[in-house]
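Working notes, beginning with the structure itself.
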Amino acid sequence: MRIKFLANGPINNLGTKPDYVVYVNPAYFMMKYYHTLRGKKPWKEKWLLPEFIATRTAQEQVDSLVRDRVDLLLLACFVWNMDLQMEVAKLYREQVPQGRVVVGGPQLTAHKDPQFFEKHPYVDYAVYGDGEKALSDIIDYLSTGSRGRPSRSTRSPWVNTVENVNGKAHVWPFAMLKDDWYWSVSPYLVQKKFIRDSLEKIYEEGFTNKHVVFAVEFARGCMYNCTYCDWSQNLTNKVTRRKAEWKLELEFFRDLDVQIRETDANFGQWKQDIEIYDYARSLHNPKRNFKFIVSNTAKLKRNADHFLVGNGELGGQVMLSFEDTEEEPLKAMHRPSLSWEQHQEVIAKIRHRLGAIFNRLGVGELMLGMPKQSIKTFKENFKKLLTEGLRVYPNQWTLLPNSPGADLNYQKKYGVEFKEHYLFQGHNSKNPGVPDSIDDLYKTAQTNPHFIKQSMVWKTNDMEYVDIITVLIAGSLTKSSILKEQIIKIYDTAVNNHNDPDISAVVDWLFDVSAKNAKLKLAEHKEAIEKYGFVVPALIYRNMLYGGWTKIMNFNPQGFDKDLQAKYKI
Ligand code: SF4
């Protein structure tokens with residue numbers, strides 16, 4: 001059997017160096033290794049090299065699948081690629097009727113949606129939860145016709161699979177993967193050549209090792225339930241830790257010379273995380289590319305500084321994910337959080353160790369559009385973060401169907417409404433260019449494969465859409481060096497006078513400017529939003545098309561900094 005995995009991940013344009021980041025999803029390597037270990041006749045399967053990035057249309061991808069004589073197609077489904085993956089599955093089954101399609105990933109709801117296969121009849125199996133055993137059993141079944149014996153714990157031959165039986169969903173039970181042998185052997189070290197070849201395939205598409213971020217799993221699962229999050233598809237709060245030889249794994253990634261990140265939800269929760277991180281740091285050679293940049297620190301530990309200082313020293317972003325710092329919104333989104341004073345202690349340690357570069361690299365991330373958030377709570381958040389020298393990065397709530405926030409009662413309670421957004425996400429060479437009009441932009445977004453469709457928050461009891469754009473613009477404007485200088489001046493004056501710094505006036509003004517621009521931009525899009533029923537948060541200005549609402553500085557003919565200079569008579 002010839003097996004192919006398509007991740008169809010986005011090319012992330014971070015706006016930093018290097019411009020584009022290709023994340024390598026480790027799931028395929030893990031499932032392949034599991035089948036080698038536990039499958040009935042693993043030597044009979046041919047695992048083709050995976051594809052990680054969505055650079056081709058669905059039809060082009062299917063043409064390749066036909067050329068490669070693929071028998072079993074594996075599709076990883078996330079919020080950014082669900083439609084594309086389903087289109088690939090449909091075209092593949094039309095052209096290869098005897099082929100089989102397995103889908104997996106956090107975006108799937110087959111285990112709780114009896115109509116799933118009526119909507120997606122071209123899918124044969126949907127895997128939910130841990131995918132290793134489920135996929136291995138499917139492969140065995142397809143190649144031998146036998147389902148194997150029921151396990152003692154679940155009394156079922158299969159787990160974590162929804163099977164398409166003549167259009168009806170047969171849901172096999174959920175079970176966490178318990179397999180000490182599997183968890184103790186490194187899927188990376190036993191497949192070095194396959195992984196190297198997989199990376200070479202990315203490089204053949206014009207990327208280099210400097211564009212690659214390899215995601216490495218040290219622990220799987222999260223013990224919390226933030227309402228916007230779909231970690232583990234919200235099937236369990238248990239966490240499983242791999243026990244493999246992490247030192248040798250890190251040395252392998254050092255030899256591959258790629259950057260790595262963790263796939264863990266709470267890195268730093270365990271003492272060993274610090275050891276892993278410190279060892280990775282010791283392997284870093286400034287003349288080479290290997291480094292470990294940590295993204296998800298432990299929510300209730302006070303050790304984020306250990307990793308974020310490292311991120312800063314290695315040239316990465318120093319991103320503190322607060323999501324909010326005000327009590328009511330945190331409670332409404334079920335977000336575990338340190339108190340603001342405890343956060344300040346962590347920030348102080350980072351600032352102390354990073355010195356001046358902290359002002360350039362420090363960012364505070366906030367969720368945007370969550371229940372109980374309002375312009376008023378955002379102003380408080382901005383005041384706190386800006387006073388600490390952090391830029392603000394608001395992250396508009398995207399609806400994930402397996403998150404607690406997808407519960408309609410929850411949405412009703414807080415008056416939450418979502419609307420489809422089409423976001424341009426791709427290499428600049430794929431930018432459709434300047435549309436003739438806003439209407440033309442909306443038409444293009446529907447048909448151009450480089451626009452990703454997501455359901456994003458539109459309004460709540462406490463925020464209208466114009467408020468949401470206002471906060472996005474205000475966050476973007478916190479990059480302004482003049483704004484920062486102004487805040488520093490207020491801060492220094494207050495310290496000299498033994499007062500607490502009060503930047504309320506600056507924040508009020510920032511929000512006024514942002515609200516003015518948000519209203520303007522929304523008015524331009526209003527007709528198209530009503531006509532098409534979705535939003536394309538993109539701006540056309542001076543013969544350029546920009547994605548997102550946040551390039552507003554480029555759209556103010558005089559420039560935001562000029563406004564600031566005038567206001568503060570600089
Ligand atoms: S946002 Fe982070 S802490 Fe919250 S549930 Fe998701 S993974 Fe866990």
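Going through the structure tokens in order, the chains are called A, B, and so on, while each chain numbers its residues from 1 and the ligands are numbered from 1 in the order shown.
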
(message) Using only C-alpha atoms and all ligand atoms, which residues of the polymer chains come no farther than 9 Å from ligand 1? I'd like the answer as a PyMOL selection string.
(response) chain A and resi 221-232+234+237+264-266+296-299+323+334-336+403

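Summary of the local environment: counting only C-alpha atoms, residues at most 9 Å from Ile3 in chain A, other than itself and those fewer than 2 positions away along its chain, are Met1, Phe5, Glu45, Lys46, Trp47, Leu48, Leu49, Val70, Asp71, Leu72, Leu73 and Leu74 of chain A.
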
If you run DSSP on the backbone here, which positions in range 249-491 of chain A get helix (DSSP H, G or I)? Please write them as an mmCIF file with C-alpha atoms, in the first residue's frame.
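Output contents, as saved in out_13.cif:
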```cif
data_model
loop_
_atom_site.group_PDB
_atom_site.id
_atom_site.type_symbol
_atom_site.label_atom_id
_atom_site.label_comp_id
_atom_site.auth_asym_id
_atom_site.auth_seq_id
_atom_site.Cartn_x
_atom_site.Cartn_y
_atom_site.Cartn_z
ATOM 1 C CA GLU A 249 17.006 13.965 19.558
ATOM 2 C CA LEU A 250 18.293 17.485 20.144
ATOM 3 C CA GLU A 251 21.655 16.517 18.690
ATOM 4 C CA PHE A 252 19.856 15.186 15.602
ATOM 5 C CA PHE A 253 18.023 18.492 15.131
ATOM 6 C CA ARG A 254 21.305 20.313 15.691
ATOM 7 C CA ASP A 255 22.788 18.205 12.874
ATOM 8 C CA LEU A 256 19.800 18.963 10.633
ATOM 9 C CA LYS A 271 11.615 20.053 35.759
ATOM 10 C CA GLN A 272 12.898 18.059 32.815
ATOM 11 C CA ASP A 273 11.701 20.787 30.437
ATOM 12 C CA ILE A 274 14.347 23.078 31.907
ATOM 13 C CA GLU A 275 17.000 20.398 31.418
ATOM 14 C CA ILE A 276 15.874 19.852 27.811
ATOM 15 C CA TYR A 277 15.951 23.563 27.130
ATOM 16 C CA ASP A 278 19.336 24.106 28.745
ATOM 17 C CA TYR A 279 20.831 21.264 26.770
ATOM 18 C CA ALA A 280 19.425 22.710 23.528
ATOM 19 C CA ARG A 281 20.974 26.066 24.447
ATOM 20 C CA SER A 282 24.325 24.390 25.009
ATOM 21 C CA LEU A 283 24.132 22.954 21.465
ATOM 22 C CA ALA A 304 8.570 31.751 31.588
ATOM 23 C CA ASP A 305 11.548 34.101 31.924
ATOM 24 C CA HIS A 306 13.918 31.129 31.662
ATOM 25 C CA PHE A 307 12.781 30.434 28.090
ATOM 26 C CA LEU A 308 11.857 33.939 26.970
ATOM 27 C CA VAL A 309 15.263 35.363 27.871
ATOM 28 C CA GLY A 310 16.689 32.583 25.695
ATOM 29 C CA ASN A 311 14.307 33.476 22.872
ATOM 30 C CA GLY A 312 15.477 37.086 23.062
ATOM 31 C CA GLU A 313 19.165 36.159 23.151
ATOM 32 C CA GLU A 327 -10.253 39.494 36.159
ATOM 33 C CA GLU A 328 -13.693 39.288 34.527
ATOM 34 C CA PRO A 329 -12.576 38.397 30.968
ATOM 35 C CA LEU A 330 -10.058 35.855 32.301
ATOM 36 C CA LYS A 331 -12.819 34.220 34.292
ATOM 37 C CA ALA A 332 -15.237 34.224 31.361
ATOM 38 C CA TRP A 340 -0.767 40.822 37.238
ATOM 39 C CA GLU A 341 1.772 41.363 40.042
ATOM 40 C CA GLN A 342 3.218 37.903 39.434
ATOM 41 C CA HIS A 343 3.384 38.612 35.709
ATOM 42 C CA GLN A 344 5.217 41.829 36.494
ATOM 43 C CA GLU A 345 7.819 39.913 38.474
ATOM 44 C CA VAL A 346 8.428 37.639 35.490
ATOM 45 C CA ILE A 347 8.626 40.629 33.128
ATOM 46 C CA ALA A 348 11.085 42.371 35.455
ATOM 47 C CA LYS A 349 13.380 39.336 35.410
ATOM 48 C CA ILE A 350 13.286 39.220 31.594
ATOM 49 C CA ARG A 351 13.902 42.959 31.289
ATOM 50 C CA HIS A 352 16.770 42.779 33.744
ATOM 51 C CA ARG A 353 18.503 39.995 31.837
ATOM 52 C CA LEU A 354 17.838 41.222 28.299
ATOM 53 C CA ILE A 357 16.827 44.652 23.509
ATOM 54 C CA PHE A 358 13.758 43.922 25.626
ATOM 55 C CA ASN A 359 12.171 47.160 24.403
ATOM 56 C CA ARG A 360 12.478 45.950 20.820
ATOM 57 C CA LEU A 361 11.474 42.320 21.341
ATOM 58 C CA ILE A 375 -12.803 48.857 24.872
ATOM 59 C CA LYS A 376 -12.618 49.748 28.559
ATOM 60 C CA THR A 377 -10.913 46.477 29.564
ATOM 61 C CA PHE A 378 -8.578 46.755 26.578
ATOM 62 C CA LYS A 379 -7.511 50.235 27.595
ATOM 63 C CA GLU A 380 -6.608 48.832 31.011
ATOM 64 C CA ASN A 381 -4.667 45.993 29.367
ATOM 65 C CA PHE A 382 -2.836 48.377 27.036
ATOM 66 C CA LYS A 383 -1.905 50.630 29.949
ATOM 67 C CA LYS A 384 -0.398 47.742 31.871
ATOM 68 C CA LEU A 385 1.477 46.243 28.930
ATOM 69 C CA LEU A 386 2.761 49.530 27.497
ATOM 70 C CA THR A 387 3.945 50.663 30.913
ATOM 71 C CA PRO A 404 -15.572 24.866 24.685
ATOM 72 C CA GLY A 405 -16.407 28.243 23.127
ATOM 73 C CA ALA A 406 -18.190 26.447 20.268
ATOM 74 C CA LEU A 408 -24.022 27.629 21.568
ATOM 75 C CA ASN A 409 -25.199 28.199 25.152
ATOM 76 C CA TYR A 410 -21.871 29.811 25.979
ATOM 77 C CA GLN A 411 -22.103 32.032 22.911
ATOM 78 C CA LYS A 412 -25.704 32.956 23.707
ATOM 79 C CA LYS A 413 -24.848 33.846 27.291
ATOM 80 C CA TYR A 414 -22.274 36.414 26.127
ATOM 81 C CA ASN A 428 4.168 37.398 -1.697
ATOM 82 C CA SER A 429 4.503 35.870 -5.151
ATOM 83 C CA LYS A 430 0.947 34.580 -4.686
ATOM 84 C CA ILE A 438 -13.441 46.404 -2.751
ATOM 85 C CA ASP A 439 -16.122 44.355 -4.502
ATOM 86 C CA ASP A 440 -13.477 42.825 -6.759
ATOM 87 C CA LEU A 441 -11.399 41.956 -3.678
ATOM 88 C CA TYR A 442 -14.308 40.020 -2.180
ATOM 89 C CA LYS A 443 -14.879 38.162 -5.439
ATOM 90 C CA THR A 444 -11.176 37.235 -5.673
ATOM 91 C CA ALA A 445 -11.043 36.055 -2.060
ATOM 92 C CA GLN A 446 -13.744 33.473 -2.778
ATOM 93 C CA THR A 447 -11.869 31.830 -5.614
ATOM 94 C CA TYR A 465 -16.989 44.719 15.060
ATOM 95 C CA VAL A 466 -15.721 48.281 14.797
ATOM 96 C CA ASP A 467 -14.371 47.914 18.368
ATOM 97 C CA ILE A 468 -12.597 44.717 17.366
ATOM 98 C CA ILE A 469 -10.881 46.467 14.446
ATOM 99 C CA THR A 470 -10.085 49.396 16.732
ATOM 100 C CA VAL A 471 -8.164 47.112 19.098
ATOM 101 C CA LEU A 472 -6.357 45.413 16.205
ATOM 102 C CA ILE A 473 -5.236 48.793 14.863
ATOM 103 C CA ALA A 474 -4.292 50.051 18.312
ATOM 104 C CA GLY A 475 -2.192 46.913 18.819
ATOM 105 C CA SER A 476 -0.443 47.469 15.513
ATOM 106 C CA LEU A 477 0.298 51.092 16.420
ATOM 107 C CA SER A 481 8.891 54.047 18.301
ATOM 108 C CA ILE A 482 7.600 57.560 18.995
ATOM 109 C CA LEU A 483 4.747 56.168 21.056
ATOM 110 C CA LYS A 484 7.262 54.157 23.026
ATOM 111 C CA GLU A 485 9.532 57.131 23.572
ATOM 112 C CA GLN A 486 6.580 59.156 24.774
ATOM 113 C CA ILE A 487 5.649 56.486 27.297
ATOM 114 C CA ILE A 488 9.229 56.241 28.490
ATOM 115 C CA LYS A 489 9.260 60.019 29.047
ATOM 116 C CA ILE A 490 6.077 59.843 31.125
ATOM 117 C CA TYR A 491 7.552 56.927 33.018
#
```

(message) Considering only strand (DSSP E) as DSSP defines it on the backbone, what residues of range 217-326 of chain A qualify? List them as an MDAnalysis selection string.
(response) chainID A and resid 219:220 240:241 259:262 291:292 318:323

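Minimum distance to Val185 in chain A across A:Arg152, A:Arg242, A:His111, A:Arg220 (counting only C-alpha atoms) occurs at A:Arg242.
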
(request) Figure out the distance between CA of Glu326 in chain A and CA of Ala494 in chain A, please, to one decimal in Å. (result)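 CA of Glu326 in chain A lies at a distance of 24.0 Å from CA of Ala494 in chain A.
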
Mind dumping a table of every range 193-264 of chain A residue within 12 Å of range 50-67 of chain A, with the nearest atom pair and its distance in Å to one decimal, using only C-alpha atoms, sorted by chain and rising number, as a tab-separated table?
```
residue	atom	partner	partner_atom	distance
A:Phe194	CA	A:Pro50	CA	9.7
A:Ile195	CA	A:Pro50	CA	9.5
A:Arg196	CA	A:Pro50	CA	11.5
A:Asp197	CA	A:Pro50	CA	9.6
A:Ser198	CA	A:Pro50	CA	6.4
A:Leu199	CA	A:Pro50	CA	9.3
A:Glu200	CA	A:Pro50	CA	11.0
A:Lys201	CA	A:Glu51	CA	7.9
A:Ile202	CA	A:Phe52	CA	7.7
A:Tyr203	CA	A:Phe52	CA	11.4
A:Glu204	CA	A:Glu51	CA	11.6
A:Glu205	CA	A:Thr55	CA	9.1
A:Gly206	CA	A:Thr55	CA	11.4
A:Phe207	CA	A:Ile53	CA	10.8
A:His211	CA	A:Ile53	CA	12.0
A:Val212	CA	A:Phe52	CA	10.6
A:Val213	CA	A:Phe52	CA	11.5
A:Phe214	CA	A:Phe52	CA	11.1
```

(request) In Å, rounded to a single decimal, give me how far CA of Asp462 in chain A is from CA of Pro106 in chain A. (result) 28.9 Å

(request) For Asn431 in chain A, work out the shell of residues within 10 Å, counting only C-alpha atoms and skipping chain neighbours fewer than 3 positions away, then give it as a list of chain:residue names. (result) A:Phe424, A:Gln425, A:Gly426, A:His427, A:Asn428, A:Val434, A:Asn448, A:His450, A:Phe451, A:Met544, A:Leu545, A:Tyr546, A:Gly547

(message) Env of Tyr422 in chain A: 8 Å cut, atoms = only C-alpha atoms, seq-sep filter 4 positions within chain, self excluded. Answer as number ranges by chain.
(response) A: 445-446, 451-454, 534-537

(request) Please indicate the distance in Å from CA of Lys287 in chain A to CA of Gly316 in chain A, rounded to one decimal place. (result)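 Computing the Euclidean distance for CA of Lys287 in chain A and CA of Gly316 in chain A yields 15.6 Å.
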
(request) Using only C-alpha atoms, determine which residues lie at most 9 Å from Phe418 in chain A, disregarding the query and same-chain residues fewer than 2 positions distant; provide the list as a list in words. (result)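 Here the qualifying residues turn out to be Thr398, Leu399, Val416, Glu420, Ser455, Met456, Val457, Trp458 and Lys459 of chain A.
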
Please dump the current selection as a PDB file, in the first residue's frame; keep C-alpha atoms.
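Written output follows (out.pdb):
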```pdb
ATOM      1  CA  THR A 398     -11.201  32.253  15.729  1.00  0.00           C
ATOM      2  CA  LEU A 399     -13.948  29.712  16.284  1.00  0.00           C
ATOM      3  CA  VAL A 416     -21.122  36.130  20.739  1.00  0.00           C
ATOM      4  CA  GLU A 420     -16.454  34.071   8.032  1.00  0.00           C
ATOM      5  CA  SER A 455     -14.918  31.904  11.329  1.00  0.00           C
ATOM      6  CA  MET A 456     -13.852  34.836  13.504  1.00  0.00           C
ATOM      7  CA  VAL A 457     -15.619  36.779  16.203  1.00  0.00           C
ATOM      8  CA  TRP A 458     -17.883  39.502  14.813  1.00  0.00           C
ATOM      9  CA  LYS A 459     -19.520  40.866  17.955  1.00  0.00           C
TER      10      LYS A 459
END
```

(request) Between A:Lys119, A:His284, A:Arg2, A:Lys112, single out the one closest to Ile260 in chain A, counting only C-alpha atoms. (result) A:His284
